[in-house]
Each structure stands twice: as C-alpha cells, then as structure tokens.
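Asks: This is target.cif (mmCIF, C-alpha atoms and all ligand atoms).
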data_work
#
loop_
_atom_site.label_atom_id
_atom_site.label_comp_id
_atom_site.auth_asym_id
_atom_site.auth_seq_id
_atom_site.Cartn_x
_atom_site.Cartn_y
_atom_site.Cartn_z
CA MET A 1 58.36 127.76 105.67
CA THR A 2 60.26 124.90 104.01
CA GLU A 3 60.61 125.24 100.27
CA ILE A 4 58.34 122.97 98.27
CA ARG A 5 60.36 120.93 95.77
CA ARG A 6 59.41 118.64 92.93
CA PRO A 7 59.73 115.05 94.20
CA ASP A 8 62.38 113.12 92.25
CA ASN A 9 59.92 110.35 91.45
CA MET A 10 57.02 112.60 90.43
CA GLN A 11 55.25 111.31 87.33
CA ARG A 12 55.23 113.74 84.39
CA ILE A 13 51.72 115.13 83.86
CA THR A 14 51.02 114.02 80.29
CA THR A 15 47.32 113.11 80.34
CA PRO A 16 44.06 114.87 81.23
CA GLU A 17 43.60 112.31 84.05
CA LEU A 18 46.95 113.18 85.64
CA ALA A 19 46.16 116.88 85.18
CA SER A 20 42.80 116.46 86.92
CA ALA A 21 44.42 114.61 89.81
CA PHE A 22 46.97 117.43 90.19
CA ILE A 23 44.17 120.01 90.12
CA GLU A 24 42.20 118.22 92.86
CA GLU A 25 45.29 117.95 95.05
CA GLN A 26 46.25 121.59 94.53
CA ILE A 27 42.76 122.87 95.27
CA LYS A 28 42.87 121.06 98.60
CA ALA A 29 46.34 122.44 99.35
CA LEU A 30 45.34 125.97 98.31
CA LYS A 31 42.25 125.92 100.50
CA GLU A 32 44.41 124.83 103.42
CA GLN A 33 47.09 127.48 102.86
CA ILE A 34 44.69 130.33 102.15
CA GLY A 35 41.86 129.65 104.58
CA ASN A 36 39.69 132.76 104.56
CA LYS A 37 42.50 135.18 103.65
CA LYS A 38 42.70 137.29 100.51
CA VAL A 39 45.12 136.62 97.65
CA LEU A 40 46.49 138.96 95.01
CA LEU A 41 47.82 137.96 91.56
CA ALA A 42 49.46 139.90 88.74
CA LEU A 43 47.70 138.36 85.75
CA SER A 44 49.58 139.01 82.50
CA GLY A 45 47.56 136.60 80.39
CA GLY A 46 50.63 134.41 79.81
CA VAL A 47 50.32 130.67 80.37
CA ASP A 48 51.70 130.49 83.91
CA SER A 49 49.78 133.34 85.53
CA SER A 50 46.59 132.32 83.69
CA VAL A 51 46.79 128.76 85.03
CA VAL A 52 47.49 130.06 88.54
CA ALA A 53 44.45 132.34 88.25
CA ALA A 54 42.20 129.52 87.05
CA LEU A 55 43.37 127.24 89.89
CA LEU A 56 42.80 129.92 92.51
CA ILE A 57 39.38 130.84 91.16
CA LYS A 58 38.41 127.18 91.56
CA ALA A 59 39.89 126.97 95.03
CA VAL A 60 38.92 130.28 96.65
CA GLY A 61 36.80 132.21 94.11
CA LYS A 62 36.35 135.83 95.13
CA GLN A 63 39.09 135.71 97.77
CA LEU A 64 41.38 136.16 94.76
CA THR A 65 41.91 139.58 93.21
CA CYS A 66 43.67 139.61 89.83
CA VAL A 67 45.41 142.72 88.57
CA HIS A 68 46.00 142.99 84.82
CA VAL A 69 48.38 145.80 83.94
CA ASN A 70 48.18 146.92 80.32
CA HIS A 71 51.58 148.52 79.71
CA GLY A 72 50.85 149.19 76.07
CA LEU A 73 53.38 146.61 74.92
CA LEU A 74 51.01 143.65 74.72
CA ARG A 75 50.04 141.97 71.47
CA LYS A 76 46.84 142.82 69.65
CA GLY A 77 43.78 141.46 71.48
CA GLU A 78 45.59 140.33 74.63
CA PRO A 79 44.07 142.67 77.25
CA GLU A 80 40.62 142.02 75.76
CA GLN A 81 41.16 138.26 76.01
CA VAL A 82 42.20 138.48 79.67
CA ILE A 83 39.04 140.44 80.47
CA GLU A 84 36.80 138.14 78.45
CA VAL A 85 38.16 134.88 79.87
CA PHE A 86 38.68 135.84 83.51
CA ARG A 87 36.09 138.51 84.22
CA ASN A 88 33.30 137.49 81.87
CA GLN A 89 33.65 133.72 81.66
CA MET A 90 35.25 132.79 84.99
CA ASN A 91 33.63 135.56 87.01
CA ALA A 92 36.95 136.54 88.61
CA ASP A 93 37.51 139.67 90.61
CA LEU A 94 39.73 141.40 88.02
CA ILE A 95 41.19 144.89 88.20
CA TYR A 96 42.18 146.14 84.76
CA VAL A 97 44.77 148.92 84.89
CA ASP A 98 45.23 150.99 81.75
CA ALA A 99 48.82 152.14 82.28
CA VAL A 100 49.61 152.62 78.58
CA ASP A 101 50.35 156.35 78.79
CA ARG A 102 52.43 155.95 81.94
CA PHE A 103 54.73 153.39 80.35
CA LEU A 104 55.00 155.03 76.94
CA ASP A 105 55.67 158.45 78.47
CA LYS A 106 58.46 157.00 80.63
CA LEU A 107 59.93 155.22 77.59
CA ALA A 108 59.76 158.22 75.27
CA GLY A 109 63.18 159.02 73.83
CA VAL A 110 64.89 156.05 75.56
CA SER A 111 66.84 154.01 73.04
CA ASP A 112 69.17 151.83 75.11
CA PRO A 113 67.71 148.28 75.31
CA GLU A 114 68.77 147.58 78.89
CA THR A 115 67.45 150.94 80.09
CA LYS A 116 64.15 150.21 78.34
CA ARG A 117 63.89 146.84 80.11
CA LYS A 118 64.68 148.41 83.47
CA ILE A 119 62.06 151.13 83.01
CA ILE A 120 59.41 148.60 82.02
CA GLY A 121 60.25 146.31 84.96
CA ALA A 122 60.38 149.10 87.54
CA GLU A 123 57.19 150.76 86.30
CA PHE A 124 55.38 147.44 86.38
CA ILE A 125 56.26 146.94 90.04
CA GLU A 126 55.25 150.53 90.78
CA VAL A 127 51.82 150.17 89.14
CA PHE A 128 51.20 146.79 90.76
CA ALA A 129 52.28 148.06 94.20
CA GLU A 130 49.91 151.04 93.87
CA GLU A 131 47.00 148.71 93.16
CA ALA A 132 48.02 146.39 96.01
CA ARG A 133 48.05 149.29 98.51
CA LYS A 134 44.52 150.29 97.49
CA LEU A 135 43.20 146.88 98.56
CA GLU A 136 42.50 146.04 102.13
CA GLY A 137 43.34 142.88 104.02
CA VAL A 138 45.39 141.11 101.36
CA GLU A 139 47.95 138.82 102.98
CA LEU A 140 48.99 136.52 100.17
CA LEU A 141 50.60 136.98 96.77
CA ALA A 142 50.16 134.30 94.11
CA GLN A 143 52.86 133.81 91.50
CA GLY A 144 53.27 131.73 88.37
CA THR A 145 56.69 130.43 89.34
CA ILE A 146 57.43 127.14 87.56
CA TRP A 147 60.03 124.46 88.20
CA PRO A 148 62.55 125.63 85.53
CA ASP A 149 62.51 129.10 87.19
CA ILE A 150 63.68 127.49 90.43
CA LEU A 151 66.30 125.32 88.71
CA GLU A 152 67.67 128.20 86.63
CA SER A 153 67.94 130.52 89.60
CA GLU A 154 69.75 127.79 91.55
CA ASP A 155 72.14 127.29 88.62
CA GLY A 156 72.79 131.01 88.48
CA ILE A 157 71.54 131.20 84.87
CA LYS A 158 69.04 133.91 85.60
CA ALA A 159 67.71 135.76 88.57
CA HIS A 160 64.37 134.32 89.59
CA HIS A 161 62.20 137.02 88.09
CA ASN A 162 59.17 136.19 90.20
CA ALA A 163 59.57 136.26 94.00
CA GLY A 164 60.18 139.70 95.16
CA GLY A 165 60.83 143.08 93.70
CA LEU A 166 57.91 144.55 95.62
CA PRO A 167 58.57 147.34 98.14
CA ASP A 168 59.12 146.33 101.79
CA ASP A 169 55.74 147.56 103.01
CA LEU A 170 54.09 144.89 100.86
CA ASN A 171 55.18 141.85 102.76
CA PHE A 172 53.07 139.04 101.34
CA GLU A 173 53.24 135.31 101.93
CA LEU A 174 53.71 133.54 98.57
CA VAL A 175 51.28 131.13 96.94
CA GLU A 176 52.89 129.18 94.09
CA PRO A 177 50.55 126.42 92.92
CA VAL A 178 52.47 125.48 89.73
CA ARG A 179 55.89 125.72 91.30
CA ILE A 180 56.78 122.04 90.83
CA LEU A 181 55.56 121.82 87.23
CA PHE A 182 57.42 121.94 83.93
CA LYS A 183 55.95 124.15 81.20
CA ASP A 184 54.32 121.30 79.27
CA GLU A 185 52.63 120.20 82.49
CA VAL A 186 51.34 123.72 83.17
CA ARG A 187 49.76 123.61 79.70
CA MET A 188 48.12 120.22 80.41
CA VAL A 189 46.71 121.59 83.65
CA GLY A 190 45.50 124.77 81.90
CA LYS A 191 43.69 122.72 79.29
CA ALA A 192 42.09 120.54 81.98
CA LEU A 193 40.94 123.73 83.74
CA GLY A 194 39.12 124.77 80.56
CA LEU A 195 41.31 127.69 79.51
CA PRO A 196 41.14 128.46 75.76
CA ASP A 197 43.82 126.88 73.53
CA GLY A 198 44.92 130.34 72.40
CA MET A 199 45.98 130.98 75.99
CA VAL A 200 47.29 127.53 76.93
CA PHE A 201 49.42 126.91 73.83
CA ARG A 202 50.63 130.47 73.49
CA GLN A 203 54.18 131.00 72.27
CA PRO A 204 56.70 132.49 74.70
CA PHE A 205 56.43 136.25 75.01
CA PRO A 206 59.02 138.38 76.83
CA GLY A 207 58.04 140.43 79.88
CA PRO A 208 58.99 143.73 78.17
CA GLY A 209 56.67 142.64 75.37
CA LEU A 210 56.66 144.49 72.08
CA GLY A 211 59.04 146.98 73.69
CA VAL A 212 62.05 144.85 72.69
CA ARG A 213 60.72 144.47 69.14
CA CYS A 214 60.10 148.17 68.54
CA THR A 215 63.84 148.77 68.54
CA GLY A 216 65.45 151.98 69.75
CA ALA A 217 63.25 154.73 71.16
CA ILE A 218 59.63 153.55 71.03
CA THR A 219 57.14 155.80 69.28
CA ARG A 220 53.40 155.23 69.37
CA ASP A 221 52.97 155.11 65.59
CA ARG A 222 55.75 152.56 65.09
CA LEU A 223 54.49 150.50 68.03
CA GLU A 224 51.01 150.42 66.46
CA ALA A 225 52.51 149.36 63.10
CA LEU A 226 54.38 146.57 64.90
CA ARG A 227 51.24 145.39 66.74
CA GLU A 228 49.23 145.24 63.50
CA ALA A 229 51.99 143.50 61.51
CA ASP A 230 52.48 140.97 64.33
CA ALA A 231 48.73 140.24 64.37
CA ILE A 232 48.79 139.56 60.61
CA LEU A 233 51.78 137.23 60.98
CA ARG A 234 50.04 135.29 63.76
CA GLU A 235 46.82 135.06 61.76
CA GLU A 236 48.61 133.76 58.66
CA PHE A 237 50.69 131.26 60.66
CA ALA A 238 47.50 129.98 62.25
CA SER A 239 45.76 129.60 58.86
CA ALA A 240 48.79 127.75 57.49
CA GLY A 241 48.74 125.32 60.43
CA LEU A 242 52.06 126.57 61.81
CA ALA A 243 50.78 128.10 65.04
CA GLY A 244 51.42 125.09 67.28
CA LYS A 245 54.45 123.90 65.30
CA VAL A 246 56.86 126.82 65.22
CA TRP A 247 58.30 127.60 68.65
CA GLN A 248 58.31 131.40 68.41
CA TYR A 249 57.42 133.78 65.58
CA PHE A 250 57.00 137.52 65.63
CA VAL A 251 57.69 140.82 63.93
CA ILE A 252 60.28 143.48 64.66
CA VAL A 253 59.88 147.03 63.38
CA PRO A 254 63.25 148.79 63.57
CA ASP A 255 63.82 152.48 63.96
CA TYR A 256 64.89 152.92 60.36
CA LYS A 257 63.15 153.92 57.14
CA SER A 258 63.77 153.18 53.50
CA THR A 259 62.40 154.52 50.26
CA GLY A 260 59.49 152.72 48.65
CA VAL A 261 56.52 153.39 46.44
CA LYS A 262 52.84 153.06 47.31
CA ASP A 263 49.97 154.02 44.99
CA GLY A 264 52.45 155.62 42.59
CA LYS A 265 53.84 157.89 45.29
CA ARG A 266 57.12 157.88 47.19
CA ALA A 267 56.70 156.13 50.53
CA PHE A 268 59.54 156.59 53.02
CA GLU A 269 58.56 153.98 55.62
CA TRP A 270 59.74 151.27 58.06
CA PRO A 271 60.45 147.64 57.23
CA ALA A 272 58.74 144.77 59.11
CA ILE A 273 61.20 142.01 59.94
CA ILE A 274 59.79 138.52 60.45
CA ARG A 275 61.53 136.13 62.85
CA ALA A 276 60.44 132.47 63.20
CA VAL A 277 62.61 130.11 65.21
CA ASN A 278 62.62 126.64 66.70
CA THR A 279 64.42 125.63 69.85
CA ARG A 280 64.19 123.33 72.86
CA ASP A 281 65.51 125.59 75.56
CA ALA A 282 65.97 129.03 73.90
CA MET A 283 69.74 128.81 74.46
CA SER A 284 70.24 128.15 70.75
CA ALA A 285 67.72 128.29 67.92
CA THR A 286 67.31 127.33 64.28
CA ILE A 287 65.30 129.08 61.59
CA GLU A 288 61.92 127.84 60.42
CA ARG A 289 62.02 127.26 56.63
CA ILE A 290 58.88 129.14 55.75
CA ASP A 291 57.20 128.36 52.47
CA TYR A 292 57.76 131.17 49.93
CA ASP A 293 54.08 131.41 48.97
CA LEU A 294 53.25 132.05 52.62
CA LEU A 295 56.02 134.64 52.93
CA GLU A 296 54.68 136.41 49.84
CA LYS A 297 51.14 136.39 51.20
CA ILE A 298 52.27 137.82 54.54
CA THR A 299 54.36 140.47 52.74
CA ALA A 300 51.41 141.50 50.57
CA ARG A 301 49.10 141.78 53.57
CA ILE A 302 51.47 143.69 55.84
CA THR A 303 52.49 146.21 53.18
CA ALA A 304 48.87 146.74 52.09
CA GLU A 305 47.22 146.77 55.53
CA VAL A 306 49.71 148.37 57.88
CA PRO A 307 50.25 152.12 57.58
CA GLY A 308 53.92 153.04 57.76
CA ILE A 309 55.40 149.78 56.46
CA ASN A 310 56.67 149.43 52.90
CA ARG A 311 58.95 146.37 53.05
CA VAL A 312 59.02 142.93 54.68
CA LEU A 313 62.26 141.08 55.49
CA TYR A 314 62.87 137.58 56.82
CA ASP A 315 65.57 137.15 59.48
CA LEU A 316 67.66 134.11 58.45
CA THR A 317 69.96 134.19 61.46
CA PRO A 318 70.12 131.25 63.87
CA LYS A 319 71.06 131.69 67.53
CA PRO A 320 73.99 132.06 67.74
CA THR A 321 74.86 134.51 66.26
CA GLY A 322 71.56 136.34 66.68
CA THR A 323 69.63 136.17 69.93
CA ILE A 324 65.95 135.36 69.46
CA GLU A 325 64.79 138.86 70.37
CA TRP A 326 66.44 141.86 68.71
CA GLU A 327 67.03 143.74 71.95
P1 LIG B 401 66.96 135.71 73.56
O1 LIG B 401 66.58 136.98 72.89
O2 LIG B 401 67.81 135.89 74.78
O3 LIG B 401 65.60 135.10 74.07
O4 LIG B 401 67.58 134.70 72.60
C1 LIG B 401 65.45 133.79 74.59
C2 LIG B 401 63.98 133.60 75.00
O5 LIG B 401 63.70 134.42 76.14
C3 LIG B 401 62.66 135.36 75.81
N1 LIG B 401 63.04 136.65 76.41
C4 LIG B 401 62.52 137.17 77.52
N2 LIG B 401 61.56 136.72 78.33
N3 LIG B 401 61.78 138.65 79.66
C5 LIG B 401 61.19 137.47 79.40
O6 LIG B 401 60.29 137.09 80.14
C6 LIG B 401 62.76 139.18 78.90
O7 LIG B 401 63.27 140.24 79.17
C7 LIG B 401 63.14 138.38 77.77
N4 LIG B 401 64.05 138.55 76.81
C8 LIG B 401 63.98 137.49 75.99
C9 LIG B 401 62.62 135.43 74.30
O8 LIG B 401 61.35 135.83 73.83
C10 LIG B 401 62.99 134.03 73.92
O9 LIG B 401 61.88 133.16 73.99
#
Please render this file's structure as structure tokens.
Ligand code: XMP
Replies:
Amino acid sequence: MTEIRRPDNMQRITTPELASAFIEEQIKALKEQIGNKKVLLALSGGVDSSVVAALLIKAVGKQLTCVHVNHGLLRKGEPEQVIEVFRNQMNADLIYVDAVDRFLDKLAGVSDPETKRKIIGAEFIEVFAEEARKLEGVELLAQGTIWPDILESEDGIKAHHNAGGLPDDLNFELVEPVRILFKDEVRMVGKALGLPDGMVFRQPFPGPGLGVRCTGAITRDRLEALREADAILREEFASAGLAGKVWQYFVIVPDYKSTGVKDGKRAFEWPAIIRAVNTRDAMSATIERIDYDLLEKITARITAEVPGINRVLYDLTPKPTGTIEWE
C-alpha cells in the first residue's frame, strides 16, 4: 500500500465548512477501505483517538470496536467521559477495561522514570493485545496518527509511537483517517463531528499520564492526592477563563514530605506543585504569569480539600532548563 501523504497544496481546515467537507470525503474513503470488515481502536479519550472514533462510528457504526484501557493514571473524570460520550451518546461498541490494579501493581516500588514509562507502555500493549485476541474476525486497526507524527518520525525527532508495537500474531491493516491533518485541524473536525469542547480542546496529556507527575515510586494514596489536586486546578483555571488560553497546566505531587500544621496539629504531608506553561511546539516553553489571587484561591482549596497535601508551590522554570513534565 502506498503511503498517504498530505498534498502540498492542501488548504488548512480552518472553518466548519472545510471540516464538513473533509468528514464527507473521509467517510467515503473509510467505507471503501473497510467494506464489511471489522475495525479495532484503542480509544484513550485524547483528541486524536476520539476524533478517529467519531469518524469511524459515522462511517461504519458497529463494525468498529473501541477499547478503552483505564490504567489508573488518567485524570479525574476521564474514563467516565469516554463511556458517556462514546457508549451512551454515540452508541459505540465500547469495551471498557479496568486495568488499574494491573498497572499499579507492576509499578509498585519502581522509581526510575524511564523504567516507569517502559512498564506503562508495555503493559498497555499487553492489555490491548489480550482484548484484541478475544475478538473474532477483526482485520483492521484504526489509529490516531496525525501529520506531525509522520514528519517527526521522518526527521528522527521521535519514534512514531503509533504504528506497531503489537505482537506479530496481531497483524492488522492500518486505518488512519486523520493522518494528513495538523492538530488544529483535528480539533476543527472533532467539533464538526459534535464531540464536546472538553474533549476537542483538551490540553496535551502524556501517554504515561499522571504516572510522570507522581514522581518516584507511585503509591495509590499519593496518586489519588495528585488526581484530586489536578482536578481542582483545572476547575479553577476554567472558572478564571484560562482553560483555552494556557497551553498546558497540571499538578505534580513529589515523593517528599514537609512539616505543616492543619487544625492545630502537626501535618507531615506532600506539597502540590503547579506547572502552567505556554509553547508553540513543546520544544521550549515559557511560564504563565498567574494572577496571585487565583494562586491563593487554588492553594486554599487544594490544602483544604485534598488529604495528604499541606503546601502548594508554583514552578517558575521555563523550558529550558526544566522540561515540561517532571519525569
Ligand atoms: P517535556 O516534558 O519533554 O514534554 O518537555 C513536552 C510535551 O510532551 C508531552 N510528553 C509526552 N507525551 N508521552 C506523550 O504522549 C510521553 O511519554 C510524554 N512525555 C512528555 C508533555 O506533556 C509536553 O506536552
């Protein structure tokens, strides 16, 4: 099969009309490629896989099976949103896999960041492959590959994280309906397909999820504290009108405690570190100058509402010298 490439003269999809035209064209192409075969998709709930799912549901409906793996490192409310949008609203054939214990047991006691990433990546493939083998007659695998993935892998910047990784017995033909699109175009298409804004305009989120923000060896209590603190940060950024404006914002809860006082008693607890950055391409980043009143409000909420956290810090470091994630 010849590789599909973005035509040099392709118009950037910047309007709902252009998005609708792309959708019509893709649905035709998908119907042609898929025929009456079955397609499988790993649906993380991120922008790219969600748009691919929505396109495929339109094109081939129940011939698509989506697998959502909850590895325990997703943000608060994410697995529920995937189920609500795709199973309940779009009537998709969705398999929800609760793999939380599997992942957290494998990660227990592992503190090296690269080892953590490898475990998460390998376990994900393992869980997905197990689900794929349970299904009968699936010949195609859909992926949310986008145009920058192709360009970056050609430039040797990063290994193309989609395409492949599955064991040899799972030899699927690929379906990549957003392959020639840039990220902003994927969002336009997602909006035109009726996906909720919270999904379409979502900030970038790393594959290893909260795992790289719960630094060192992950424990369930610290991971829960991180998930709650992160949810408060996102809620307050949304109320302050910053949600669509700041490129990426999140919380880190390091494996370190300090002395504090809560309700007149000594509280030896973790800090929550806030990171909010702006960038074009994630290669370098600047710090968002957050209003002090907002920082104080977030601090008050996190320390009052999240068990185990007694301090809030703001990371003032641009990239370089800090990377965006802490691990
Ligand atoms: P760094 O930390 O390298 O992050 O400055 C740059 C951007 O990439 C995201 N990131 C990842 N995304 N898998 C991903 O899919 C990963 O392992 C990963 N690590 C970092 C990060 O969130 C930021 O947007």
Asks: Leaving out Leu181 of chain A and any residue of its chain fewer than 5 positions from it, which residues lie within 9 Å of it when counting all atoms listed in the file, given as a CSV table (one decimal) with C-alpha atoms, keeping the file's coordinate frame?
Replies:
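This went into result-v7.csv:
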chain,number,residue,atom,x,y,z
A,6,ARG,CA,59.4,118.6,92.9
A,12,ARG,CA,55.2,113.7,84.4
A,13,ILE,CA,51.7,115.1,83.9
A,145,THR,CA,56.7,130.4,89.3
A,146,ILE,CA,57.4,127.1,87.6
A,147,TRP,CA,60.0,124.5,88.2
A,148,PRO,CA,62.6,125.6,85.5
A,186,VAL,CA,51.3,123.7,83.2
Asks: Hey, could you make a per-residue contact list for chain A against ligand LIG 401 (chain B) with 9 Å as the cut-off, showing the nearest pair of atoms and its distance in Å to one decimal, counting all atoms listed in the file, sorted by chain and number, as a tab-separated table?
Replies:
residue	atom	partner	partner_atom	distance
A:Arg117	CA	B:LIG401	O7	6.7
A:Gly121	CA	B:LIG401	O7	8.9
A:His161	CA	B:LIG401	O6	8.2
A:Gln203	CA	B:LIG401	O9	8.2
A:Pro204	CA	B:LIG401	O9	5.3
A:Phe205	CA	B:LIG401	O8	5.1
A:Pro206	CA	B:LIG401	N2	3.4
A:Gly207	CA	B:LIG401	O6	4.0
A:Pro208	CA	B:LIG401	O7	5.6
A:Gly209	CA	B:LIG401	N3	7.8
A:Val212	CA	B:LIG401	N4	7.8
A:Trp247	CA	B:LIG401	O9	8.5
A:Gln248	CA	B:LIG401	O9	6.9
A:Thr279	CA	B:LIG401	O9	9.0
A:Asp281	CA	B:LIG401	C2	8.2
A:Ala282	CA	B:LIG401	C1	4.8
A:Met283	CA	B:LIG401	O4	6.5
A:Ser284	CA	B:LIG401	O4	7.3
A:Ala285	CA	B:LIG401	O4	7.9
A:Lys319	CA	B:LIG401	O4	6.8
A:Pro320	CA	B:LIG401	O4	8.5
A:Gly322	CA	B:LIG401	O4	7.3
A:Thr323	CA	B:LIG401	O4	3.7
A:Ile324	CA	B:LIG401	O4	3.6
A:Glu325	CA	B:LIG401	O1	3.6
A:Trp326	CA	B:LIG401	O1	6.4
A:Glu327	CA	B:LIG401	O1	6.8
Asks: Between atom CA of Lys28 of chain A and atom CA of Ala59 of chain A, measure the distance and give it in Å to one decimal.
Replies: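 The value is 7.5 Å.
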Asks: Need the shell around Glu136 of chain A: protein/DNA/RNA residues with any atom at most 12 Å away, counting only C-alpha atoms. Skip same-chain ones fewer than 2 positions apart. Format as a short mmCIF file (atom, residue, chain, number, x, y, z; two decimals) with C-alpha atoms, keeping the file's coordinate frame?
Replies:
data_model
loop_
_atom_site.label_atom_id
_atom_site.label_comp_id
_atom_site.auth_asym_id
_atom_site.auth_seq_id
_atom_site.Cartn_x
_atom_site.Cartn_y
_atom_site.Cartn_z
CA LYS A 37 42.50 135.18 103.65
CA LYS A 38 42.70 137.29 100.51
CA VAL A 39 45.12 136.62 97.65
CA LEU A 40 46.49 138.96 95.01
CA GLN A 63 39.09 135.71 97.77
CA THR A 65 41.91 139.58 93.21
CA GLU A 131 47.00 148.71 93.16
CA ALA A 132 48.02 146.39 96.01
CA ARG A 133 48.05 149.29 98.51
CA LYS A 134 44.52 150.29 97.49
CA VAL A 138 45.39 141.11 101.36
CA GLU A 139 47.95 138.82 102.98
CA LEU A 140 48.99 136.52 100.17
CA LEU A 170 54.09 144.89 100.86
#
Asks: What's the separation between atom CA of Ala54 of chain A and atom CA of Asp98 of chain A, in Å to one decimal place?
Replies: 22.3 Å
Asks: Have a look at atom CA of Lys31 of chain A and atom CA of Glu84 of chain A and let me know their distance in Å, one decimal.
Replies: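 Pair atom CA of Lys31 of chain A / atom CA of Glu84 of chain A returns 25.8 Å.
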Asks: From the set A:Ile309, A:Leu242, A:Leu151, A:Val175, which residue has the shortest atom-to-atom contact distance to Gly260 of chain A, counting only C-alpha atoms?
Replies: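 Comparing A:Ile309, A:Leu242, A:Leu151, A:Val175 against Gly260 of chain A, the winner is A:Ile309.
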Asks: Using all atoms of segment 142-149 of chain A that appear in the file, construct an axis-aligned enclosing box with 4 Å of padding on every side and provide its centre coordinates and edge lengths in Å, rounded to one decimal, as AutoDock Vina command-line options.
Replies:
--center_x 56.4 --center_y 129.4 --center_z 89.8 --size_x 20.4 --size_y 17.8 --size_z 16.6
Asks: Dump as a compact mmCIF listing (two decimals) with C-alpha atoms, in the coordinates of the input all residues having an atom at most 10 Å from (43.1, 143.5, 87.1), computed in the file's coordinates with only C-alpha atoms.
Replies:
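The resulting file, point-v3.txt, is reproduced below:
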# COMPACT_ATOMS: atom_id res chain seq x y z
CA LEU A 40 46.49 138.96 95.01
CA LEU A 41 47.82 137.96 91.56
CA ALA A 42 49.46 139.90 88.74
CA LEU A 43 47.70 138.36 85.75
CA SER A 44 49.58 139.01 82.50
CA THR A 65 41.91 139.58 93.21
CA CYS A 66 43.67 139.61 89.83
CA VAL A 67 45.41 142.72 88.57
CA HIS A 68 46.00 142.99 84.82
CA VAL A 69 48.38 145.80 83.94
CA ASN A 70 48.18 146.92 80.32
CA PRO A 79 44.07 142.67 77.25
CA VAL A 82 42.20 138.48 79.67
CA ILE A 83 39.04 140.44 80.47
CA PHE A 86 38.68 135.84 83.51
CA ARG A 87 36.09 138.51 84.22
CA ALA A 92 36.95 136.54 88.61
CA ASP A 93 37.51 139.67 90.61
CA LEU A 94 39.73 141.40 88.02
CA ILE A 95 41.19 144.89 88.20
CA TYR A 96 42.18 146.14 84.76
CA VAL A 97 44.77 148.92 84.89
CA ASP A 98 45.23 150.99 81.75
CA PHE A 128 51.20 146.79 90.76
CA GLU A 131 47.00 148.71 93.16
Asks: Which is closest to Ile274 of chain A among A:Arg5, A:Arg234, A:Lys118, A:Lys106, if we use all atoms listed in the file?
Replies: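 The answer is A:Arg234, which sits nearest to Ile274 of chain A.
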Asks: Fewer than 6 positions away in the same chain doesn't count, so skip those; otherwise give me all residues within 12 Å of Gly194 of chain A, counting only C-alpha atoms, as a short mmCIF file (atom, residue, chain, number, x, y, z; two decimals) with C-alpha atoms, in the coordinates of the input.
Replies:
data_model
loop_
_atom_site.label_atom_id
_atom_site.label_comp_id
_atom_site.auth_asym_id
_atom_site.auth_seq_id
_atom_site.Cartn_x
_atom_site.Cartn_y
_atom_site.Cartn_z
CA PRO A 16 44.06 114.87 81.23
CA ALA A 19 46.16 116.88 85.18
CA SER A 20 42.80 116.46 86.92
CA ILE A 23 44.17 120.01 90.12
CA SER A 50 46.59 132.32 83.69
CA VAL A 51 46.79 128.76 85.03
CA ALA A 54 42.20 129.52 87.05
CA LEU A 55 43.37 127.24 89.89
CA LYS A 58 38.41 127.18 91.56
CA VAL A 85 38.16 134.88 79.87
CA PHE A 86 38.68 135.84 83.51
CA GLN A 89 33.65 133.72 81.66
CA MET A 90 35.25 132.79 84.99
CA ARG A 187 49.76 123.61 79.70
CA MET A 188 48.12 120.22 80.41
CA VAL A 200 47.29 127.53 76.93
#
Asks: Using all atoms listed in the file, which residue out of A:Leu56, A:Ile4, A:Ala225, A:Ala192 lies closest to Leu141 of chain A?
Replies: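 Answer, going by the shortest atom-to-atom distance: A:Leu56.
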Asks: Is it possible to get the residues within 8 Å of (66.8, 154.7, 68.2) (coordinates as in the file, counting all atoms listed in the file) written as a list in words?
Replies: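 Checked against the point, the hits come out as Gly109, Val110, Ser111, Asp112, Thr215, Gly216, Ala217, Ile218 and Asp255 of chain A.
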Asks: A:Gly241, A:Gly308, A:Gly77, A:Gly46: which is nearest Glu269 of chain A, counting all atoms listed in the file?
Replies: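 Ranking A:Gly241, A:Gly308, A:Gly77, A:Gly46 by distance to Glu269 of chain A, first place goes to A:Gly308.
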Asks: Render segment 150-194 of chain A from the structure in the preceding block as a file of C-alpha atoms, as a compact mmCIF listing (two decimals), in the first residue's frame.
Replies:
# COMPACT_ATOMS: atom_id res chain seq x y z
CA ILE A 150 4.77 11.37 10.43
CA LEU A 151 7.01 14.42 9.98
CA GLU A 152 8.71 13.97 13.35
CA SER A 153 9.39 10.30 12.78
CA GLU A 154 10.85 11.13 9.36
CA ASP A 155 13.06 13.80 10.95
CA GLY A 156 14.23 11.32 13.55
CA ILE A 157 12.91 13.52 16.39
CA LYS A 158 10.85 10.78 17.91
CA ALA A 159 9.88 7.24 17.13
CA HIS A 160 6.40 7.16 15.67
CA HIS A 161 4.59 5.99 18.77
CA ASN A 162 1.54 4.76 16.91
CA ALA A 163 2.06 2.14 14.18
CA GLY A 164 3.19 -1.05 15.65
CA GLY A 165 4.27 -2.36 18.98
CA LEU A 166 1.64 -5.10 18.82
CA PRO A 167 2.77 -8.75 18.86
CA ASP A 168 3.28 -10.47 15.48
CA ASP A 169 0.14 -12.62 15.71
CA LEU A 170 -1.93 -9.43 15.56
CA ASN A 171 -1.22 -8.44 12.01
CA PHE A 172 -3.76 -5.71 11.27
CA GLU A 173 -4.10 -3.44 8.28
CA LEU A 174 -3.99 0.20 9.45
CA VAL A 175 -6.78 2.74 9.17
CA GLU A 176 -5.55 6.30 9.77
CA PRO A 177 -8.29 8.79 8.90
CA VAL A 178 -6.63 11.89 10.41
CA ARG A 179 -3.16 11.06 9.18
CA ILE A 180 -2.82 14.12 6.93
CA LEU A 181 -4.16 16.61 9.48
CA PHE A 182 -2.41 19.03 11.80
CA LYS A 183 -3.63 19.16 15.41
CA ASP A 184 -5.71 22.32 14.97
CA GLU A 185 -7.43 20.68 12.01
CA VAL A 186 -8.19 17.54 14.03
CA ARG A 187 -9.88 19.81 16.59
CA MET A 188 -11.96 21.55 13.88
CA VAL A 189 -13.06 18.15 12.58
CA GLY A 190 -13.86 16.95 16.12
CA LYS A 191 -16.02 19.99 16.74
CA ALA A 192 -17.84 19.49 13.42
CA LEU A 193 -18.46 15.86 14.43
CA GLY A 194 -20.21 17.08 17.58
